[in-house]
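K.L.:
Let me give you the structure first, and then I'll get to my questions.
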Amino acid sequence: MSSTSRGVRIRVREGLCIEAKSDPCGLVIFGASGDLTRRKLFPSLTYLKEHGLLPGSFYALGAARSAMTDAEIRSLAPELDAVYYLRGDYDDAAAYRELKERMRALDKTHQTGGNAIFYLAVPPELYPVILRGLGDAGLLDGAAPGGWARVIIEKPFGRDLASAMELETALGAYLREDQIYRIDHYLGKETVQNILLFRFANSIFEPIWNRSYIDHVQISVLESIGVEKRAGYYDQSGVVRDMCQNHMTQLLALTAMEAPTSFAADHVRDEKSQVFRSINPLAAENVVLGQYAGYRSEAGVSPNSRTPTYAALRVDISNWRWEGVPFYLRTGKKLGKRAAEIAVTFKRVPHSLIPQLRPEDLEPNVLVFRIQPDEGISLSFEAKKPGPKLCLGALTMDFDYDEVFGEDPPEAYQRLLLDCMQGDQTLFIRRDAVKETWRLVEPLLDSKKFEPAFYDPGSPGPAAADALIGRDGRKWRL
Ligand code: BG6
C-alpha cells in the first residue's frame with residue numbers, strides 16, 4: 001500500500017504491520033459516570049471496535065457512585081455491544097462482593113477467560129481505597145481462576161516524591177509491577193511514538209545524534225487555553241506537577257535515550273530511566289516559572305495564588321552523548337499559540353567556503369518533530385536558489401501526517417487501551433521513572449525559592465524565559 005502527497009511518499013510493507021492480538025477481557029471503569037469515560041474511553045473503545053481491534057470476547061462494566069442504568073450507560077456508547085453499569089460506594093466491601101459476582105456472570109456470558117482490566121478514572125485519593133476493595137475481594141488475581149488482572153491509573157502519581165512513594169507502596173501491596181499500567185497520555189500520541197521509530201529504524205540520524213553534531217534541543221508544549229474549568233485541581237497542582245514531572249520529562253527521555261536492545265517494554269523503559277538518572281539537579285538560574293496575568297481572578301483560584309502556569313527550564317544531561325548540550329524545556333498556559341514540538345538544532349558548519357559569508361550567516365540544520373497540531377516532521381537545510389548568482393537560503397523538507405495519510409493521527413487512548421489489553425507496557429510509566437522524575441522536579445515546588453513572574457495572556461511567556469535562553473546566545477523557536 002502506498003500513499004503520496006506532493007513528493008512525500010510512504011510505502012507500507014504488507015506483513016510488516018505489527019499488531020499483537022488482544023486477549024479476551026472485561027474492562028471495569030471506576031468513575032464511569034465522569035468526563036473521561038464519555039470524552040475519551042468510550043470513543044476510543046468504539047474506534048477499536050470499528051477497526052476490528054477489540055477482542056471478540058469483551059465487555060465494559062462501568063462502576064461509580066451515581067445511580068445509572070445499563071440502558072443509560074449504553075446510550076453513551078451505542079456502537080459497543082456489551083456495556084453494563086453497577087452502582088456502589090468505593091469504600092464498601094459489599095459493593096466489591098457484588099462486583100465480583102457481576103464480573104463472574106459477565107465472564108461466563110462473554111467468555112472472557114477471567115481476564116479483567118480495572119481502569120481507575122477517579123481522583124487519586126481513591127486509588128488505595130479501590131485497590132484495597134479489589135484486593136480484599138480477590139479480584140486482583142483475575143475475575144475467575146486462570147484469568148489475569150491489570151490496573152490502569154493516571155497522573156497525578158502523588159504531589160511530590162514522598163507522596164508518590166506512598167502511592168507506590170499502596171500499589172505494591174496489592175499488585176506486581178507487570179499488572180500496573182500508569183498512563184502518561186503523551187506516550188500514546190502517534191507523533192510521540194514516532195520519535196523512537198524515527199531515531200532507531202533509520203541509520204542516518206543516530207550517528208550524529210550527540211554532542212559532536214547537536215547544538216541544543218528545544219522541547220515546547222505551548223497551550224493557548226487557560227485553566228478553564230479545572231482551576232480547583234490546577235491551583236493545587238501547577239505546571240510543575242501538571243506538565244513537567246510527566247509529559248515534558250517523557251519527551252526529553254525519548255529524545256535523549258540510548259538505543260534499547262529491542263522495543264520490549266523493559267528494554268525501552270530501562271533506557272529512559274537511564275536518562276533521568278543522568279540529568280543534573282536543576283540549578284535556580286536554569287529555571288523560570290511564570291503565572292499568566294488574570295490567573296488569580298479565575299473562578300476557583302486563590303486570589304493570592306503563587307501557583308505557576310508556565311515553566312522554562314534548561315536541563316543538562318551528564319553522559320558521553322550529551323555533555324554540554326542544553327535541553328530547553330518550555331510549557332505554559334494562555335500563551336500566544338498552541339504548539340507542541342521537539343526541535344533538534346545541529347551545529348553550524350565549521351567553515352564557510354564563500355568569503356562573503358561567515359559560518360554564522362548560514363542557518364543551522366533543524367529537525368523538528370511536530371507533536372501537535374499540524375503533526376509531522378521537518379528538516380531544514382541550506383540550498384542554492386536557482387539562477388546565475390550564488391544565493392543561499394534555508395529550505396524545509398516537510399512531512400505532514402494529514403497530507404500523507406489523509407487523516408489526523410489517532411487518539412492516544414486508543415493505543416493505550418489496546419496496549420493494556422495486549423499486556424504491552426512499553427508506553428506506560430514504570431515505578432522507577434515516577435521516582436526519578438519527582439526527584440528531578442521536586443526542588444521547583446519550593447514556592448519561596450521560585451516566585452512566578454507574570455506574563456500577559458496571549459504572549460510568548462515571561463521575559464525572564466527569553467533571558468534564560470538568551471544568556472546562552474540562543475532564542476526560542478516558537
Ligand atoms: C494534561 C494536563 O495532562 O495534559 C493539562 O493536566 C494539559 O493541563 C493537557 O492541558 C495537555 O494535553 P494535550 O493532549 O491537550 O496536549
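Chains: A, B, ... in order of the C-alpha cells. Residues: from 1 per chain. Ligands: from 1, in order shown.
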For ligand 1, list the contacting residues at 10 Å or closer, counting only C-alpha atoms and all ligand atoms, as a VMD selection string.
P.N.:
chain A and resid 154 to 156 183 to 186 188 to 189 221 to 228 230 to 231 233 to 234 237 to 239 241 to 244 246 to 247 309 331 to 333 338 to 340 371 to 373 411 to 412
K.L.:
Go ahead and write the selection's residues with N, CA and C atoms as a compact mmCIF listing (two decimals), in the first residue's frame.
P.N.:
```txt
# COMPACT_ATOMS: atom_id res chain seq x y z
N GLU A 154 -3.99 7.00 36.22
CA GLU A 154 -3.47 8.17 35.52
C GLU A 154 -2.89 9.15 36.50
N LYS A 155 -2.06 10.03 36.02
CA LYS A 155 -1.50 11.05 36.90
C LYS A 155 -2.62 11.90 37.49
N PRO A 156 -2.42 12.60 38.61
CA PRO A 156 -1.13 12.72 39.29
C PRO A 156 -0.78 11.49 40.12
N ILE A 183 -0.58 5.63 33.11
CA ILE A 183 -0.71 6.35 31.83
C ILE A 183 -0.03 7.71 31.88
N ASP A 184 0.74 8.02 30.83
CA ASP A 184 1.08 9.39 30.50
C ASP A 184 0.56 9.53 29.08
N HIS A 185 -0.53 10.24 28.88
CA HIS A 185 -1.19 10.16 27.57
C HIS A 185 -0.31 10.68 26.44
N TYR A 186 0.75 11.45 26.77
CA TYR A 186 1.65 11.89 25.70
C TYR A 186 2.33 10.71 25.01
N GLY A 188 1.02 7.98 24.30
CA GLY A 188 0.10 7.35 23.37
C GLY A 188 -0.08 8.17 22.10
N LYS A 189 0.46 9.36 22.06
CA LYS A 189 0.30 10.19 20.85
C LYS A 189 1.15 9.59 19.74
N VAL A 221 5.84 22.64 24.82
CA VAL A 221 4.41 22.28 24.80
C VAL A 221 3.66 23.55 25.22
N LEU A 222 3.24 24.30 24.23
CA LEU A 222 2.61 25.59 24.49
C LEU A 222 1.09 25.44 24.33
N GLU A 223 0.37 25.99 25.27
CA GLU A 223 -1.09 25.90 25.20
C GLU A 223 -1.68 27.30 25.16
N SER A 224 -2.75 27.45 24.39
CA SER A 224 -3.38 28.78 24.35
C SER A 224 -4.52 28.85 25.37
N ILE A 225 -5.02 27.70 25.80
CA ILE A 225 -6.11 27.74 26.80
C ILE A 225 -5.55 28.01 28.19
N GLY A 226 -6.43 28.47 29.08
CA GLY A 226 -6.03 28.68 30.47
C GLY A 226 -6.40 27.47 31.29
N VAL A 227 -6.79 27.69 32.55
CA VAL A 227 -7.12 26.53 33.38
C VAL A 227 -8.57 26.09 33.19
N GLU A 228 -9.32 26.86 32.45
CA GLU A 228 -10.73 26.56 32.12
C GLU A 228 -11.50 26.17 33.38
N ARG A 230 -10.90 23.69 35.35
CA ARG A 230 -10.15 22.79 36.23
C ARG A 230 -9.36 23.53 37.31
N ALA A 231 -9.78 24.79 37.57
CA ALA A 231 -8.99 25.61 38.49
C ALA A 231 -8.81 24.94 39.86
N TYR A 233 -8.50 21.85 40.71
CA TYR A 233 -7.36 20.92 40.65
C TYR A 233 -6.07 21.68 40.38
N TYR A 234 -6.12 22.57 39.39
CA TYR A 234 -4.89 23.16 38.88
C TYR A 234 -4.19 24.03 39.93
N SER A 237 -2.04 22.27 41.98
CA SER A 237 -1.07 21.45 41.26
C SER A 237 0.00 22.33 40.61
N GLY A 238 -0.40 23.09 39.58
CA GLY A 238 0.56 23.98 38.91
C GLY A 238 1.34 23.24 37.85
N VAL A 239 2.06 24.02 37.05
CA VAL A 239 2.68 23.48 35.84
C VAL A 239 3.74 22.41 36.14
N ARG A 241 3.82 20.08 38.51
CA ARG A 241 3.19 18.76 38.71
C ARG A 241 2.38 18.35 37.48
N ASP A 242 1.75 19.33 36.86
CA ASP A 242 0.79 19.04 35.79
C ASP A 242 1.48 18.64 34.48
N MET A 243 2.62 19.24 34.18
CA MET A 243 3.26 19.01 32.88
C MET A 243 4.72 18.57 32.98
N CYS A 244 5.48 19.21 33.89
CA CYS A 244 6.94 18.97 33.87
C CYS A 244 7.29 17.57 34.36
N ASN A 246 5.78 14.93 34.23
CA ASN A 246 5.33 13.82 33.39
C ASN A 246 5.60 14.05 31.91
N HIS A 247 4.71 14.79 31.21
CA HIS A 247 4.82 14.87 29.75
C HIS A 247 6.19 15.40 29.30
N THR A 309 1.89 28.76 36.14
CA THR A 309 1.18 28.21 34.97
C THR A 309 2.14 28.09 33.78
N THR A 331 6.90 25.09 28.78
CA THR A 331 5.47 24.77 28.69
C THR A 331 4.67 25.79 29.47
N GLY A 332 3.47 26.08 29.02
CA GLY A 332 2.67 27.05 29.77
C GLY A 332 1.27 27.17 29.18
N LYS A 333 0.42 27.81 29.95
CA LYS A 333 -0.96 28.02 29.54
C LYS A 333 -1.17 29.48 29.16
N ARG A 338 -0.93 27.57 20.31
CA ARG A 338 -0.93 26.18 20.76
C ARG A 338 0.00 25.42 19.85
N ALA A 339 1.06 24.92 20.39
CA ALA A 339 2.00 24.15 19.57
C ALA A 339 2.88 23.31 20.49
N ALA A 340 3.08 22.06 20.09
CA ALA A 340 3.99 21.20 20.85
C ALA A 340 4.98 20.61 19.85
N ILE A 371 4.57 17.70 17.34
CA ILE A 371 3.71 16.75 18.07
C ILE A 371 2.24 17.08 17.85
N GLN A 372 1.91 18.36 17.86
CA GLN A 372 0.55 18.82 17.59
C GLN A 372 0.52 20.34 17.56
N PRO A 373 -0.37 21.00 16.92
CA PRO A 373 -1.20 20.47 15.83
C PRO A 373 -0.30 20.39 14.58
N GLU A 411 -6.26 9.01 18.33
CA GLU A 411 -6.31 9.46 19.73
C GLU A 411 -5.41 8.57 20.62
N ALA A 412 -4.70 9.21 21.56
CA ALA A 412 -3.76 8.47 22.41
C ALA A 412 -4.40 7.31 23.17
```
K.L.:
Which of region 113-218 of chain A counts as strand (DSSP E or B) under DSSP, as a PyMOL selection string please?
P.N.:
chain A and resi 116-120+149-154+180-183+214-218
K.L.:
With only C-alpha atoms counted and 12 Å as the cut-off, give the residues of region 288-360 of chain A in contact with region 433-442 of chain A, each with its shortest interatomic distance in Å and the pair that gives it, as a Markdown table.
P.N.:
```
| residue | atom | partner | partner_atom | distance |
| --- | --- | --- | --- | --- |
| A:Ala311 | CA | A:Val441 | CA | 11.2 |
| A:Leu313 | CA | A:Val441 | CA | 10.4 |
| A:Val315 | CA | A:Leu440 | CA | 10.1 |
| A:Asp316 | CA | A:Leu440 | CA | 11.6 |
| A:Ile317 | CA | A:Leu440 | CA | 11.8 |
```
K.L.:
Write to file, as a PDB file, in the first residue's frame, the residues of the selection just made, with N, CA, C and O atoms.
P.N.:
```pdb
ATOM      1  N   ALA A 311       6.520  27.226  32.757  1.00  0.00           N
ATOM      2  CA  ALA A 311       7.886  26.888  33.184  1.00  0.00           C
ATOM      3  C   ALA A 311       8.807  26.864  31.984  1.00  0.00           C
ATOM      4  O   ALA A 311       8.435  26.376  30.905  1.00  0.00           O
ATOM      5  N   LEU A 313      12.880  25.730  31.413  1.00  0.00           N
ATOM      6  CA  LEU A 313      13.999  25.116  32.133  1.00  0.00           C
ATOM      7  C   LEU A 313      15.144  24.857  31.171  1.00  0.00           C
ATOM      8  O   LEU A 313      14.928  24.515  30.015  1.00  0.00           O
ATOM      9  N   VAL A 315      17.875  22.099  30.942  1.00  0.00           N
ATOM     10  CA  VAL A 315      18.209  20.807  31.542  1.00  0.00           C
ATOM     11  C   VAL A 315      19.516  20.319  30.934  1.00  0.00           C
ATOM     12  O   VAL A 315      19.687  20.355  29.707  1.00  0.00           O
ATOM     13  N   ASP A 316      20.434  19.878  31.799  1.00  0.00           N
ATOM     14  CA  ASP A 316      21.712  19.358  31.304  1.00  0.00           C
ATOM     15  C   ASP A 316      21.846  17.886  31.667  1.00  0.00           C
ATOM     16  O   ASP A 316      21.557  17.498  32.803  1.00  0.00           O
ATOM     17  N   ILE A 317      22.264  17.117  30.692  1.00  0.00           N
ATOM     18  CA  ILE A 317      22.399  15.674  30.900  1.00  0.00           C
ATOM     19  C   ILE A 317      23.890  15.346  30.917  1.00  0.00           C
ATOM     20  O   ILE A 317      24.604  15.658  29.958  1.00  0.00           O
TER      21      ILE A 317
END
```
K.L.:
Enumerate as a ChimeraX atom specification all residues of region 108-349 of chain A assigned to alpha helix (DSSP H) by DSSP on the backbone, naming them with the chain letters and numbers the document uses.
P.N.:
/A:108-110,126-136,161-174,190-200,231-235,238-239,249-256,265-278
K.L.:
Between CA of Glu125 (chain A) and CA of Asp270 (chain A), what is the spacing in Å?
P.N.:
28.8 Å
K.L.:
Compile the contact shell of region 454-456 of chain A as a list of chain:residue names: residues with an atom at most 10 Å away, counting only C-alpha atoms, same-chain residues fewer than 2 positions apart removed.
P.N.:
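Selected residues are A:Leu289, A:Gly290, A:Gln291, A:Tyr292, A:Ala293, A:Gly294, A:Tyr295, A:Pro308, A:Thr309, A:Tyr310, A:Lys334, A:Leu335, A:Gly336, A:Glu451, A:Pro452, A:Gly458, A:Ser459, A:Pro460, A:Gly461, A:Pro462, A:Ala463, A:Ala464.
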K.L.:
Report as a PyMOL selection string all protein, DNA and RNA residues lying within 12 Å of Tyr96 (chain A), evaluated on only C-alpha atoms, omitting residues in the same chain fewer than 3 positions from it.
P.N.:
chain A and resi 28+30+63-64+86-93+99-103+129-140+143
K.L.:
Pick the closest to Gly376 (chain A) from A:Val192, A:Val349, A:Leu106, A:Ala164: which is it, counting only C-alpha atoms?
P.N.:
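Among the listed residues, A:Val192 lies closest to Gly376 (chain A).
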K.L.:
Find the residues near Trp320 (chain A): any atom within 12 Å, counting only C-alpha atoms, skip ones fewer than 6 places away on the same chain, and give them as a ChimeraX atom specification.
P.N.:
/A:209-212,256-258,275,278
K.L.:
Would you mind exporting the chosen residues as a PDB file, in the first residue's frame, restricted to N, CA and C atoms?
P.N.:
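The file below, part29.pdb, is the result:
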```pdb
ATOM      1  N   TRP A 209      23.534  11.966  16.391  1.00  0.00           N
ATOM      2  CA  TRP A 209      22.614  12.319  17.486  1.00  0.00           C
ATOM      3  C   TRP A 209      23.403  12.451  18.781  1.00  0.00           C
ATOM      4  N   ASN A 210      24.288  13.414  18.828  1.00  0.00           N
ATOM      5  CA  ASN A 210      25.146  13.509  20.014  1.00  0.00           C
ATOM      6  C   ASN A 210      25.815  14.882  20.073  1.00  0.00           C
ATOM      7  N   ARG A 211      26.631  15.059  21.089  1.00  0.00           N
ATOM      8  CA  ARG A 211      27.254  16.351  21.375  1.00  0.00           C
ATOM      9  C   ARG A 211      28.192  16.839  20.269  1.00  0.00           C
ATOM     10  N   SER A 212      28.665  15.933  19.428  1.00  0.00           N
ATOM     11  CA  SER A 212      29.560  16.384  18.368  1.00  0.00           C
ATOM     12  C   SER A 212      28.802  17.147  17.285  1.00  0.00           C
ATOM     13  N   ALA A 256      16.504  11.784  24.230  1.00  0.00           N
ATOM     14  CA  ALA A 256      17.894  11.668  24.681  1.00  0.00           C
ATOM     15  C   ALA A 256      18.358  10.234  24.923  1.00  0.00           C
ATOM     16  N   MET A 257      17.431   9.274  24.968  1.00  0.00           N
ATOM     17  CA  MET A 257      17.817   7.918  25.399  1.00  0.00           C
ATOM     18  C   MET A 257      18.750   7.214  24.414  1.00  0.00           C
ATOM     19  N   GLU A 258      19.459   6.234  24.948  1.00  0.00           N
ATOM     20  CA  GLU A 258      20.284   5.363  24.104  1.00  0.00           C
ATOM     21  C   GLU A 258      19.377   4.375  23.386  1.00  0.00           C
ATOM     22  N   VAL A 275      18.317   7.924  31.327  1.00  0.00           N
ATOM     23  CA  VAL A 275      18.369   9.367  31.046  1.00  0.00           C
ATOM     24  C   VAL A 275      18.020  10.145  32.310  1.00  0.00           C
ATOM     25  N   SER A 278      20.751  10.533  34.614  1.00  0.00           N
ATOM     26  CA  SER A 278      21.915  11.307  34.162  1.00  0.00           C
ATOM     27  C   SER A 278      21.666  12.807  34.156  1.00  0.00           C
TER      28      SER A 278
END
```
K.L.:
Hey, can you check how far CA of Ile152 (chain A) sits from CA of Tyr181 (chain A)?
P.N.:
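About the pair CA of Ile152 (chain A) and CA of Tyr181 (chain A): they are 4.6 Å apart.
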